[in-house]
file data_4.txt (compact mmCIF, C-alpha atoms and all ligand atoms)
# COMPACT_ATOMS: atom_id res chain seq x y z
CA MET A 1 10.44 26.68 64.93
CA PRO A 2 13.32 28.49 66.61
CA ILE A 3 14.20 30.44 63.46
CA LYS A 4 12.44 33.79 63.13
CA ARG A 5 9.95 33.19 60.38
CA ALA A 6 8.24 35.71 58.10
CA PRO A 7 4.63 36.08 59.30
CA GLU A 8 3.39 35.12 55.82
CA LEU A 9 4.94 31.64 56.16
CA GLN A 10 4.02 31.05 59.77
CA PRO A 11 0.81 29.09 59.07
CA ILE A 12 2.80 26.25 57.49
CA SER A 13 5.69 26.67 59.92
CA ARG A 14 3.33 26.10 62.85
CA GLU A 15 2.39 22.70 61.40
CA HIS A 16 6.07 21.72 61.34
CA HIS A 17 6.10 21.46 65.14
CA ARG A 18 3.70 18.56 65.01
CA ALA A 19 5.55 16.95 62.07
CA LEU A 20 8.81 16.92 64.06
CA LEU A 21 7.09 15.33 67.05
CA VAL A 22 5.62 12.68 64.77
CA ALA A 23 9.03 12.02 63.23
CA HIS A 24 10.62 11.50 66.65
CA ARG A 25 7.73 9.40 67.87
CA ILE A 26 8.09 6.98 64.95
CA VAL A 27 11.78 6.40 65.54
CA HIS A 28 11.42 6.05 69.33
CA VAL A 29 8.39 3.75 69.26
CA LEU A 30 9.99 1.46 66.69
CA GLU A 31 12.84 1.09 69.17
CA GLY A 32 10.34 0.13 71.87
CA ARG A 33 10.43 3.47 73.69
CA ALA A 34 7.68 5.97 74.45
CA PHE A 35 7.79 9.47 72.99
CA ALA A 36 5.00 12.05 72.74
CA GLY A 37 2.51 9.31 73.64
CA PRO A 38 2.64 5.66 74.66
CA ALA A 39 4.96 2.99 73.29
CA VAL A 40 2.58 0.89 71.16
CA GLY A 41 2.96 -2.02 68.76
CA PHE A 42 3.63 -1.62 65.04
CA PRO A 43 -0.03 -1.95 63.90
CA GLU A 44 -1.19 0.78 66.31
CA LEU A 45 1.73 3.04 65.41
CA LEU A 46 1.03 2.54 61.73
CA ASP A 47 -2.67 3.40 62.16
CA GLU A 48 -1.71 6.57 63.97
CA MET A 49 0.87 7.55 61.39
CA SER A 50 -1.19 6.78 58.32
CA GLU A 51 -3.90 9.00 59.83
CA PHE A 52 -1.31 11.76 60.33
CA HIS A 53 -0.14 11.26 56.76
CA GLU A 54 -3.63 11.50 55.21
CA SER A 55 -5.10 14.24 57.38
CA HIS A 56 -2.09 16.39 58.12
CA PHE A 57 0.84 15.72 55.83
CA LEU A 58 -0.88 15.43 52.44
CA PRO A 59 -2.95 18.66 52.61
CA HIS A 60 0.13 20.49 54.01
CA ALA A 61 2.34 19.24 51.17
CA ARG A 62 -0.27 20.14 48.55
CA GLU A 63 -0.55 23.65 49.98
CA GLU A 64 3.24 24.13 49.91
CA GLU A 65 3.47 23.00 46.31
CA THR A 66 0.52 25.12 45.15
CA ARG A 67 1.46 28.30 46.97
CA LEU A 68 5.25 28.24 46.76
CA GLY A 69 5.89 26.46 43.44
CA PRO A 70 5.08 29.27 40.97
CA GLY A 71 7.25 31.81 42.81
CA LEU A 72 10.14 29.35 43.07
CA ASN A 73 10.01 28.56 39.35
CA ALA A 74 9.94 32.29 38.58
CA LEU A 75 13.27 32.75 40.43
CA GLY A 76 15.10 30.82 37.71
CA PRO A 77 17.01 27.52 37.70
CA ASP A 78 18.04 27.64 41.36
CA GLY A 79 14.46 28.26 42.51
CA ALA A 80 13.15 25.57 40.14
CA ALA A 81 15.69 23.11 41.59
CA GLU A 82 14.37 23.80 45.09
CA PHE A 83 10.80 23.24 43.89
CA ASP A 84 11.91 19.91 42.38
CA ARG A 85 13.46 18.91 45.70
CA LEU A 86 10.27 19.89 47.56
CA ARG A 87 8.09 17.77 45.28
CA SER A 88 10.44 14.84 45.15
CA GLU A 89 10.69 14.63 48.97
CA HIS A 90 6.90 14.83 49.25
CA ALA A 91 6.64 11.99 46.69
CA SER A 92 9.23 9.91 48.60
CA LEU A 93 7.27 10.34 51.83
CA GLU A 94 4.11 9.16 50.05
CA ARG A 95 5.92 6.11 48.64
CA LEU A 96 7.36 5.24 52.05
CA MET A 97 3.95 5.42 53.75
CA ASP A 98 2.44 3.28 50.98
CA GLY A 99 5.25 0.78 51.55
CA ALA A 100 4.70 0.76 55.31
CA CYS A 101 0.98 0.08 54.79
CA ASP A 102 1.48 -2.65 52.14
CA GLN A 103 0.32 -5.87 53.79
CA ASP A 104 1.87 -7.99 51.02
CA ARG A 105 5.34 -6.96 52.13
CA PRO A 106 7.31 -8.64 54.92
CA ASP A 107 7.05 -7.05 58.36
CA ASP A 108 10.66 -5.91 58.59
CA GLU A 109 10.40 -4.08 55.25
CA ARG A 110 7.25 -2.32 56.44
CA ARG A 111 8.93 -1.29 59.68
CA ASN A 112 11.95 -0.03 57.75
CA ALA A 113 9.70 1.98 55.43
CA LEU A 114 8.02 3.62 58.42
CA ARG A 115 11.36 4.33 60.11
CA THR A 116 12.70 5.90 56.90
CA TYR A 117 9.48 7.93 56.66
CA GLY A 118 10.15 9.34 60.14
CA GLN A 119 13.77 10.12 59.32
CA LEU A 120 12.93 11.78 56.01
CA LEU A 121 10.08 13.75 57.56
CA GLU A 122 12.52 15.29 60.02
CA THR A 123 15.15 16.07 57.37
CA HIS A 124 12.47 17.48 55.08
CA VAL A 125 11.01 19.85 57.69
CA ARG A 126 14.49 21.06 58.65
CA TYR A 127 15.33 21.65 54.97
CA GLU A 128 12.17 23.71 54.52
CA GLU A 129 12.80 25.80 57.62
CA ARG A 130 16.54 26.30 57.17
CA GLU A 131 16.92 26.53 53.41
CA LEU A 132 13.71 26.77 51.40
CA PHE A 133 11.83 29.30 53.52
CA GLN A 134 15.00 31.37 53.91
CA MET A 135 15.29 31.59 50.13
CA ILE A 136 11.63 32.58 49.82
CA GLU A 137 11.93 35.27 52.47
CA GLU A 138 15.03 36.72 50.86
CA ARG A 139 14.04 36.59 47.22
CA PHE A 140 10.26 36.68 46.77
CA ALA A 141 8.84 40.13 46.03
CA PRO A 142 6.91 41.60 48.99
CA GLU A 143 3.65 41.61 46.98
CA LEU A 144 4.03 37.93 46.14
CA LEU A 145 4.83 37.12 49.76
CA ALA A 146 1.73 39.07 50.84
CA ASP A 147 -0.47 37.06 48.42
CA ILE A 148 1.03 33.81 49.72
CA GLY A 149 0.45 34.96 53.30
CA ALA A 150 -3.23 35.67 52.59
CA ALA A 151 -3.71 32.25 50.98
CA LEU A 152 -1.91 30.44 53.81
CA ALA A 153 -3.95 32.27 56.46
CA GLU A 154 -7.12 31.08 54.73
CA TYR A 155 -5.72 27.54 54.56
CA GLU A 156 -4.88 27.60 58.26
CA ALA A 157 -8.35 28.85 59.19
CA GLY A 158 -9.84 25.75 57.54
CA ARG A 159 -7.50 23.29 59.25
CA ASP A 160 -8.04 21.13 62.27
CA PRO A 161 -6.14 22.90 65.11
CA SER A 162 -4.46 19.59 66.00
CA CYS A 163 -2.33 20.00 62.84
CA ARG A 164 -0.25 22.56 64.68
CA MET A 165 -0.51 21.36 68.26
CA ALA A 166 2.13 19.31 69.96
FE FE B 201 6.92 19.84 52.73
FE FE B 202 6.29 21.62 55.31

call {"tool": "encode", "arguments": {"input": "data_4.txt", "output": "structure tokens"}}
result
Amino acid sequence: MPIKRAPELQPISREHHRALLVAHRIVHVLEGRAFAGPAVGFPELLDEMSEFHESHFLPHAREEETRLGPGLNALGPDGAAEFDRLRSEHASLERLMDGACDQDRPDDERRNALRTYGQLLETHVRYEERELFQMIEERFAPELLADIGAALAEYEAGRDPSCRMA
């Protein structure tokens, strides 16, 4: 991320690079263009993206909610509102991927669900980097930030390195 990030939050920030690439790849490939890999058909793209969703996105989202949620709620109503937004965007991304994978739905709906997933993934990552993490850096107590940093470092150590690679 171009924004200077607190070292405590960098483990999850590093995974955002890959998420942005994935987001752009979805939109490009659905338009028949190559981006960060070959232009493939919808079934292949969906396989790739549902694997990303299960192995990369879901554990990342769970970690954000577990580590950042209590501190956000403790900030008061404005922090709690940001935690609500975080969770609700994660839930929307899950619903969209479920929709894209639902073989009972018509093809164009499934493609639209995957396209919207890509668009929301990009918006969501930018929101976290530009608004949510800024708030955390400015308002969380240094001791809390240090605890979060230790937990996130442990999380990162257990992750597949491809979660943060381009
Ligand atoms: Fe997130
Ligand atoms: Fe994130």

call {"tool": "residues_near_point", "arguments": {"input": "data_4.txt", "point": "(3.3, 4.1, 72.4)", "cutoff": "12 Å", "atoms": "only C-alpha atoms", "output": "number ranges by chain"}}
result
A: 22, 24-49

call {"tool": "closest_residue", "arguments": {"input": "data_4.txt", "among": "A:Ala23, A:Ile136, A:Ile148, A:Val125", "to": "ligand FE 201 (chain B)", "atoms": "all atoms listed in the file"}}
result
A:Val125

call {"tool": "atom_distance", "arguments": {"input": "data_4.txt", "atom1": "CA of Asp78 (chain A)", "atom2": "CA of Met135 (chain A)"}}
result
10.0 Å

call {"tool": "atom_distance", "arguments": {"input": "data_4.txt", "atom1": "CA of Glu109 (chain A)", "atom2": "CA of Arg95 (chain A)"}}
result
12.9 Å

call {"tool": "residues_near_ligand", "arguments": {"input": "data_4.txt", "ligand": "ligand FE 201 (chain B)", "cutoff": "7 Å", "atoms": "all atoms listed in the file", "output": "JSON, numbers by chain"}}
result
{"A": [60, 61, 64, 86, 90, 124, 125, 128]}

call {"tool": "write_last_selection", "arguments": {"input": "data_4.txt", "atoms": "C-alpha atoms", "output": "JSON list (two decimals), keeping the file's coordinate frame"}}
result
[["chain", "number", "residue", "atom", "x", "y", "z"],
["A", 60, "HIS", "CA", 0.13, 20.49, 54.01],
["A", 61, "ALA", "CA", 2.34, 19.24, 51.17],
["A", 64, "GLU", "CA", 3.24, 24.13, 49.91],
["A", 86, "LEU", "CA", 10.27, 19.89, 47.56],
["A", 90, "HIS", "CA", 6.90, 14.83, 49.25],
["A", 124, "HIS", "CA", 12.47, 17.48, 55.08],
["A", 125, "VAL", "CA", 11.01, 19.85, 57.69],
["A", 128, "GLU", "CA", 12.17, 23.71, 54.52]]

call {"tool": "closest_atom_pairs", "arguments": {"input": "data_4.txt", "of": "chain A", "to": "ligand FE 202 (chain B)", "cutoff": "12 Å", "atoms": "only C-alpha atoms and all ligand atoms", "output": "Markdown table"}}
result
| residue | atom | partner | partner_atom | distance |
| --- | --- | --- | --- | --- |
| A:Met1 | CA | B:FE202 | FE | 11.6 |
| A:Leu9 | CA | B:FE202 | FE | 10.1 |
| A:Gln10 | CA | B:FE202 | FE | 10.7 |
| A:Pro11 | CA | B:FE202 | FE | 10.0 |
| A:Ile12 | CA | B:FE202 | FE | 6.2 |
| A:Ser13 | CA | B:FE202 | FE | 6.9 |
| A:Arg14 | CA | B:FE202 | FE | 9.3 |
| A:Glu15 | CA | B:FE202 | FE | 7.3 |
| A:His16 | CA | B:FE202 | FE | 6.0 |
| A:His17 | CA | B:FE202 | FE | 9.8 |
| A:Arg18 | CA | B:FE202 | FE | 10.5 |
| A:Ala19 | CA | B:FE202 | FE | 8.2 |
| A:Leu20 | CA | B:FE202 | FE | 10.2 |
| A:His56 | CA | B:FE202 | FE | 10.3 |
| A:Phe57 | CA | B:FE202 | FE | 8.0 |
| A:Leu58 | CA | B:FE202 | FE | 9.9 |
| A:Pro59 | CA | B:FE202 | FE | 10.1 |
| A:His60 | CA | B:FE202 | FE | 6.4 |
| A:Ala61 | CA | B:FE202 | FE | 6.2 |
| A:Arg62 | CA | B:FE202 | FE | 9.5 |
| A:Glu63 | CA | B:FE202 | FE | 8.9 |
| A:Glu64 | CA | B:FE202 | FE | 6.7 |
| A:Glu65 | CA | B:FE202 | FE | 9.5 |
| A:Arg67 | CA | B:FE202 | FE | 11.7 |
| A:Leu68 | CA | B:FE202 | FE | 10.9 |
| A:Leu86 | CA | B:FE202 | FE | 8.9 |
| A:Arg87 | CA | B:FE202 | FE | 10.9 |
| A:Glu89 | CA | B:FE202 | FE | 10.4 |
| A:His90 | CA | B:FE202 | FE | 9.1 |
| A:Leu93 | CA | B:FE202 | FE | 11.8 |
| A:Leu120 | CA | B:FE202 | FE | 11.9 |
| A:Leu121 | CA | B:FE202 | FE | 9.0 |
| A:Glu122 | CA | B:FE202 | FE | 10.1 |
| A:Thr123 | CA | B:FE202 | FE | 10.7 |
| A:His124 | CA | B:FE202 | FE | 7.4 |
| A:Val125 | CA | B:FE202 | FE | 5.6 |
| A:Arg126 | CA | B:FE202 | FE | 8.9 |
| A:Tyr127 | CA | B:FE202 | FE | 9.0 |
| A:Glu128 | CA | B:FE202 | FE | 6.3 |
| A:Glu129 | CA | B:FE202 | FE | 8.1 |
| A:Arg130 | CA | B:FE202 | FE | 11.4 |
| A:Glu131 | CA | B:FE202 | FE | 11.9 |
| A:Leu132 | CA | B:FE202 | FE | 9.8 |
| A:Phe133 | CA | B:FE202 | FE | 9.6 |
| A:Cys163 | CA | B:FE202 | FE | 11.6 |
| A:Arg164 | CA | B:FE202 | FE | 11.5 |

call {"tool": "atom_distance", "arguments": {"input": "data_4.txt", "atom1": "CA of Glu94 (chain A)", "atom2": "CA of Ser55 (chain A)"}}
result
12.8 Å

call {"tool": "closest_residue", "arguments": {"input": "data_4.txt", "among": "A:Ala6, A:Ala113, A:Met97, A:Leu75", "to": "Ala146 (chain A)", "atoms": "only C-alpha atoms"}}
result
A:Ala6

call {"tool": "residues_around", "arguments": {"input": "data_4.txt", "residues": "Leu144 (chain A)", "least_positions_apart": "5", "cutoff": "12 Å", "atoms": "all atoms listed in the file", "output": "PDB file with C-alpha atoms, keeping the file's coordinate frame"}}
result
ATOM      1  CA  GLU A   8       3.390  35.120  55.820  1.00  0.00           C
ATOM      2  CA  LEU A   9       4.940  31.640  56.160  1.00  0.00           C
ATOM      3  CA  ARG A  67       1.460  28.300  46.970  1.00  0.00           C
ATOM      4  CA  LEU A  68       5.250  28.240  46.760  1.00  0.00           C
ATOM      5  CA  GLY A  69       5.890  26.460  43.440  1.00  0.00           C
ATOM      6  CA  PRO A  70       5.080  29.270  40.970  1.00  0.00           C
ATOM      7  CA  GLY A  71       7.250  31.810  42.810  1.00  0.00           C
ATOM      8  CA  LEU A  72      10.140  29.350  43.070  1.00  0.00           C
ATOM      9  CA  ALA A  74       9.940  32.290  38.580  1.00  0.00           C
ATOM     10  CA  ILE A 136      11.630  32.580  49.820  1.00  0.00           C
ATOM     11  CA  GLU A 137      11.930  35.270  52.470  1.00  0.00           C
ATOM     12  CA  ARG A 139      14.040  36.590  47.220  1.00  0.00           C
ATOM     13  CA  GLY A 149       0.450  34.960  53.300  1.00  0.00           C
ATOM     14  CA  ALA A 150      -3.230  35.670  52.590  1.00  0.00           C
ATOM     15  CA  ALA A 151      -3.710  32.250  50.980  1.00  0.00           C
TER      16      ALA A 151
END

call {"tool": "closest_residue", "arguments": {"input": "data_4.txt", "among": "A:Ser88, A:Phe83, A:Glu54, A:Phe140", "to": "Thr66 (chain A)", "atoms": "only C-alpha atoms"}}
result
A:Phe83

call {"tool": "residues_around", "arguments": {"input": "data_4.txt", "residues": "Leu114 (chain A)", "least_positions_apart": "4", "cutoff": "7 Å", "atoms": "only C-alpha atoms", "output": "number ranges by chain"}}
result
A: 96-97, 100, 110, 118

call {"tool": "decode", "arguments": {"input": "data_4.txt", "residues": "region 55-104 of chain A", "atoms": "N, CA and C atoms", "output": "PDB file, in the first residue's frame"}}
result
ATOM      1  N   SER A  55      -9.292 -19.558   0.777  1.00  0.00           N
ATOM      2  CA  SER A  55      -7.967 -19.696   1.396  1.00  0.00           C
ATOM      3  C   SER A  55      -7.369 -18.378   1.843  1.00  0.00           C
ATOM      4  N   HIS A  56      -7.738 -17.300   1.185  1.00  0.00           N
ATOM      5  CA  HIS A  56      -7.094 -16.021   1.477  1.00  0.00           C
ATOM      6  C   HIS A  56      -8.055 -15.029   2.126  1.00  0.00           C
ATOM      7  N   PHE A  57      -9.182 -14.809   1.454  1.00  0.00           N
ATOM      8  CA  PHE A  57     -10.085 -13.771   1.963  1.00  0.00           C
ATOM      9  C   PHE A  57     -10.700 -14.132   3.320  1.00  0.00           C
ATOM     10  N   LEU A  58     -11.281 -15.325   3.431  1.00  0.00           N
ATOM     11  CA  LEU A  58     -12.026 -15.639   4.663  1.00  0.00           C
ATOM     12  C   LEU A  58     -11.150 -15.606   5.925  1.00  0.00           C
ATOM     13  N   PRO A  59      -9.968 -16.245   5.933  1.00  0.00           N
ATOM     14  CA  PRO A  59      -9.134 -16.152   7.138  1.00  0.00           C
ATOM     15  C   PRO A  59      -8.694 -14.710   7.434  1.00  0.00           C
ATOM     16  N   HIS A  60      -8.428 -13.936   6.377  1.00  0.00           N
ATOM     17  CA  HIS A  60      -8.033 -12.527   6.529  1.00  0.00           C
ATOM     18  C   HIS A  60      -9.169 -11.729   7.196  1.00  0.00           C
ATOM     19  N   ALA A  61     -10.382 -11.928   6.690  1.00  0.00           N
ATOM     20  CA  ALA A  61     -11.533 -11.189   7.225  1.00  0.00           C
ATOM     21  C   ALA A  61     -11.794 -11.573   8.688  1.00  0.00           C
ATOM     22  N   ARG A  62     -11.679 -12.871   8.976  1.00  0.00           N
ATOM     23  CA  ARG A  62     -11.879 -13.328  10.359  1.00  0.00           C
ATOM     24  C   ARG A  62     -10.857 -12.687  11.292  1.00  0.00           C
ATOM     25  N   GLU A  63      -9.618 -12.625  10.825  1.00  0.00           N
ATOM     26  CA  GLU A  63      -8.547 -12.036  11.641  1.00  0.00           C
ATOM     27  C   GLU A  63      -8.826 -10.547  11.890  1.00  0.00           C
ATOM     28  N   GLU A  64      -9.245  -9.831  10.870  1.00  0.00           N
ATOM     29  CA  GLU A  64      -9.558  -8.408  11.045  1.00  0.00           C
ATOM     30  C   GLU A  64     -10.672  -8.229  12.077  1.00  0.00           C
ATOM     31  N   GLU A  65     -11.719  -9.032  11.947  1.00  0.00           N
ATOM     32  CA  GLU A  65     -12.844  -8.862  12.868  1.00  0.00           C
ATOM     33  C   GLU A  65     -12.433  -9.195  14.297  1.00  0.00           C
ATOM     34  N   THR A  66     -11.677 -10.292  14.467  1.00  0.00           N
ATOM     35  CA  THR A  66     -11.284 -10.722  15.814  1.00  0.00           C
ATOM     36  C   THR A  66     -10.322  -9.736  16.464  1.00  0.00           C
ATOM     37  N   ARG A  67      -9.345  -9.276  15.707  1.00  0.00           N
ATOM     38  CA  ARG A  67      -8.295  -8.438  16.303  1.00  0.00           C
ATOM     39  C   ARG A  67      -8.686  -6.979  16.424  1.00  0.00           C
ATOM     40  N   LEU A  68      -9.474  -6.470  15.478  1.00  0.00           N
ATOM     41  CA  LEU A  68      -9.756  -5.036  15.455  1.00  0.00           C
ATOM     42  C   LEU A  68     -11.109  -4.689  16.082  1.00  0.00           C
ATOM     43  N   GLY A  69     -12.037  -5.639  16.097  1.00  0.00           N
ATOM     44  CA  GLY A  69     -13.404  -5.374  16.556  1.00  0.00           C
ATOM     45  C   GLY A  69     -13.484  -4.853  17.985  1.00  0.00           C
ATOM     46  N   PRO A  70     -12.866  -5.529  18.969  1.00  0.00           N
ATOM     47  CA  PRO A  70     -13.026  -5.077  20.353  1.00  0.00           C
ATOM     48  C   PRO A  70     -12.527  -3.640  20.555  1.00  0.00           C
ATOM     49  N   GLY A  71     -11.401  -3.303  19.972  1.00  0.00           N
ATOM     50  CA  GLY A  71     -10.857  -1.946  20.109  1.00  0.00           C
ATOM     51  C   GLY A  71     -11.745  -0.916  19.440  1.00  0.00           C
ATOM     52  N   LEU A  72     -12.332  -1.273  18.297  1.00  0.00           N
ATOM     53  CA  LEU A  72     -13.229  -0.334  17.607  1.00  0.00           C
ATOM     54  C   LEU A  72     -14.474  -0.090  18.445  1.00  0.00           C
ATOM     55  N   ASN A  73     -15.059  -1.155  18.986  1.00  0.00           N
ATOM     56  CA  ASN A  73     -16.248  -0.987  19.828  1.00  0.00           C
ATOM     57  C   ASN A  73     -15.935  -0.130  21.040  1.00  0.00           C
ATOM     58  N   ALA A  74     -14.732  -0.282  21.594  1.00  0.00           N
ATOM     59  CA  ALA A  74     -14.357   0.468  22.796  1.00  0.00           C
ATOM     60  C   ALA A  74     -14.175   1.965  22.514  1.00  0.00           C
ATOM     61  N   LEU A  75     -14.054   2.345  21.241  1.00  0.00           N
ATOM     62  CA  LEU A  75     -13.909   3.781  20.916  1.00  0.00           C
ATOM     63  C   LEU A  75     -15.223   4.537  21.064  1.00  0.00           C
ATOM     64  N   GLY A  76     -16.339   3.812  21.101  1.00  0.00           N
ATOM     65  CA  GLY A  76     -17.643   4.485  21.182  1.00  0.00           C
ATOM     66  C   GLY A  76     -18.408   4.303  19.885  1.00  0.00           C
ATOM     67  N   PRO A  77     -19.515   5.060  19.729  1.00  0.00           N
ATOM     68  CA  PRO A  77     -20.415   4.841  18.584  1.00  0.00           C
ATOM     69  C   PRO A  77     -19.724   4.974  17.223  1.00  0.00           C
ATOM     70  N   ASP A  78     -18.776   5.890  17.083  1.00  0.00           N
ATOM     71  CA  ASP A  78     -18.161   6.025  15.756  1.00  0.00           C
ATOM     72  C   ASP A  78     -17.275   4.814  15.433  1.00  0.00           C
ATOM     73  N   GLY A  79     -16.575   4.309  16.434  1.00  0.00           N
ATOM     74  CA  GLY A  79     -15.771   3.100  16.228  1.00  0.00           C
ATOM     75  C   GLY A  79     -16.661   1.895  15.960  1.00  0.00           C
ATOM     76  N   ALA A  80     -17.757   1.791  16.714  1.00  0.00           N
ATOM     77  CA  ALA A  80     -18.683   0.661  16.542  1.00  0.00           C
ATOM     78  C   ALA A  80     -19.294   0.689  15.136  1.00  0.00           C
ATOM     79  N   ALA A  81     -19.560   1.900  14.631  1.00  0.00           N
ATOM     80  CA  ALA A  81     -20.124   2.017  13.277  1.00  0.00           C
ATOM     81  C   ALA A  81     -19.122   1.511  12.238  1.00  0.00           C
ATOM     82  N   GLU A  82     -17.853   1.786  12.458  1.00  0.00           N
ATOM     83  CA  GLU A  82     -16.836   1.294  11.514  1.00  0.00           C
ATOM     84  C   GLU A  82     -16.733  -0.234  11.589  1.00  0.00           C
ATOM     85  N   PHE A  83     -16.848  -0.775  12.798  1.00  0.00           N
ATOM     86  CA  PHE A  83     -16.821  -2.245  12.924  1.00  0.00           C
ATOM     87  C   PHE A  83     -18.018  -2.863  12.208  1.00  0.00           C
ATOM     88  N   ASP A  84     -19.184  -2.211  12.327  1.00  0.00           N
ATOM     89  CA  ASP A  84     -20.370  -2.701  11.600  1.00  0.00           C
ATOM     90  C   ASP A  84     -20.127  -2.692  10.096  1.00  0.00           C
ATOM     91  N   ARG A  85     -19.518  -1.612   9.614  1.00  0.00           N
ATOM     92  CA  ARG A  85     -19.251  -1.532   8.164  1.00  0.00           C
ATOM     93  C   ARG A  85     -18.289  -2.650   7.749  1.00  0.00           C
ATOM     94  N   LEU A  86     -17.241  -2.861   8.561  1.00  0.00           N
ATOM     95  CA  LEU A  86     -16.268  -3.917   8.254  1.00  0.00           C
ATOM     96  C   LEU A  86     -16.974  -5.263   8.103  1.00  0.00           C
ATOM     97  N   ARG A  87     -17.781  -5.603   9.112  1.00  0.00           N
ATOM     98  CA  ARG A  87     -18.462  -6.910   9.088  1.00  0.00           C
ATOM     99  C   ARG A  87     -19.463  -6.999   7.960  1.00  0.00           C
ATOM    100  N   SER A  88     -20.179  -5.902   7.720  1.00  0.00           N
ATOM    101  CA  SER A  88     -21.226  -6.004   6.710  1.00  0.00           C
ATOM    102  C   SER A  88     -20.606  -6.129   5.309  1.00  0.00           C
ATOM    103  N   GLU A  89     -19.467  -5.486   5.061  1.00  0.00           N
ATOM    104  CA  GLU A  89     -18.820  -5.655   3.748  1.00  0.00           C
ATOM    105  C   GLU A  89     -18.248  -7.070   3.608  1.00  0.00           C
ATOM    106  N   HIS A  90     -17.699  -7.607   4.686  1.00  0.00           N
ATOM    107  CA  HIS A  90     -17.224  -8.998   4.626  1.00  0.00           C
ATOM    108  C   HIS A  90     -18.397  -9.937   4.292  1.00  0.00           C
ATOM    109  N   ALA A  91     -19.543  -9.694   4.950  1.00  0.00           N
ATOM    110  CA  ALA A  91     -20.722 -10.554   4.716  1.00  0.00           C
ATOM    111  C   ALA A  91     -21.214 -10.404   3.275  1.00  0.00           C
ATOM    112  N   SER A  92     -21.181  -9.176   2.746  1.00  0.00           N
ATOM    113  CA  SER A  92     -21.619  -8.972   1.351  1.00  0.00           C
ATOM    114  C   SER A  92     -20.703  -9.723   0.393  1.00  0.00           C
ATOM    115  N   LEU A  93     -19.402  -9.678   0.655  1.00  0.00           N
ATOM    116  CA  LEU A  93     -18.461 -10.396  -0.215  1.00  0.00           C
ATOM    117  C   LEU A  93     -18.742 -11.900  -0.173  1.00  0.00           C
ATOM    118  N   GLU A  94     -19.053 -12.416   0.998  1.00  0.00           N
ATOM    119  CA  GLU A  94     -19.387 -13.849   1.109  1.00  0.00           C
ATOM    120  C   GLU A  94     -20.641 -14.184   0.311  1.00  0.00           C
ATOM    121  N   ARG A  95     -21.665 -13.333   0.446  1.00  0.00           N
ATOM    122  CA  ARG A  95     -22.918 -13.558  -0.284  1.00  0.00           C
ATOM    123  C   ARG A  95     -22.684 -13.516  -1.794  1.00  0.00           C
ATOM    124  N   LEU A  96     -21.873 -12.554  -2.234  1.00  0.00           N
ATOM    125  CA  LEU A  96     -21.613 -12.430  -3.676  1.00  0.00           C
ATOM    126  C   LEU A  96     -20.882 -13.655  -4.208  1.00  0.00           C
ATOM    127  N   MET A  97     -19.897 -14.158  -3.453  1.00  0.00           N
ATOM    128  CA  MET A  97     -19.185 -15.353  -3.931  1.00  0.00           C
ATOM    129  C   MET A  97     -20.127 -16.553  -3.934  1.00  0.00           C
ATOM    130  N   ASP A  98     -20.969 -16.676  -2.919  1.00  0.00           N
ATOM    131  CA  ASP A  98     -21.960 -17.764  -2.915  1.00  0.00           C
ATOM    132  C   ASP A  98     -22.843 -17.670  -4.153  1.00  0.00           C
ATOM    133  N   GLY A  99     -23.258 -16.452  -4.479  1.00  0.00           N
ATOM    134  CA  GLY A  99     -24.121 -16.236  -5.647  1.00  0.00           C
ATOM    135  C   GLY A  99     -23.403 -16.605  -6.937  1.00  0.00           C
ATOM    136  N   ALA A 100     -22.127 -16.225  -7.031  1.00  0.00           N
ATOM    137  CA  ALA A 100     -21.357 -16.529  -8.241  1.00  0.00           C
ATOM    138  C   ALA A 100     -21.199 -18.039  -8.413  1.00  0.00           C
ATOM    139  N   CYS A 101     -21.126 -18.761  -7.306  1.00  0.00           N
ATOM    140  CA  CYS A 101     -20.905 -20.219  -7.365  1.00  0.00           C
ATOM    141  C   CYS A 101     -22.207 -21.015  -7.480  1.00  0.00           C
ATOM    142  N   ASP A 102     -23.359 -20.347  -7.373  1.00  0.00           N
ATOM    143  CA  ASP A 102     -24.648 -21.050  -7.328  1.00  0.00           C
ATOM    144  C   ASP A 102     -25.072 -21.516  -8.726  1.00  0.00           C
ATOM    145  N   GLN A 103     -24.947 -22.824  -8.953  1.00  0.00           N
ATOM    146  CA  GLN A 103     -25.197 -23.356 -10.293  1.00  0.00           C
ATOM    147  C   GLN A 103     -26.669 -23.340 -10.671  1.00  0.00           C
ATOM    148  N   ASP A 104     -27.557 -23.075  -9.719  1.00  0.00           N
ATOM    149  CA  ASP A 104     -28.981 -22.983 -10.043  1.00  0.00           C
ATOM    150  C   ASP A 104     -29.342 -21.623 -10.629  1.00  0.00           C
TER     151      ASP A 104
END
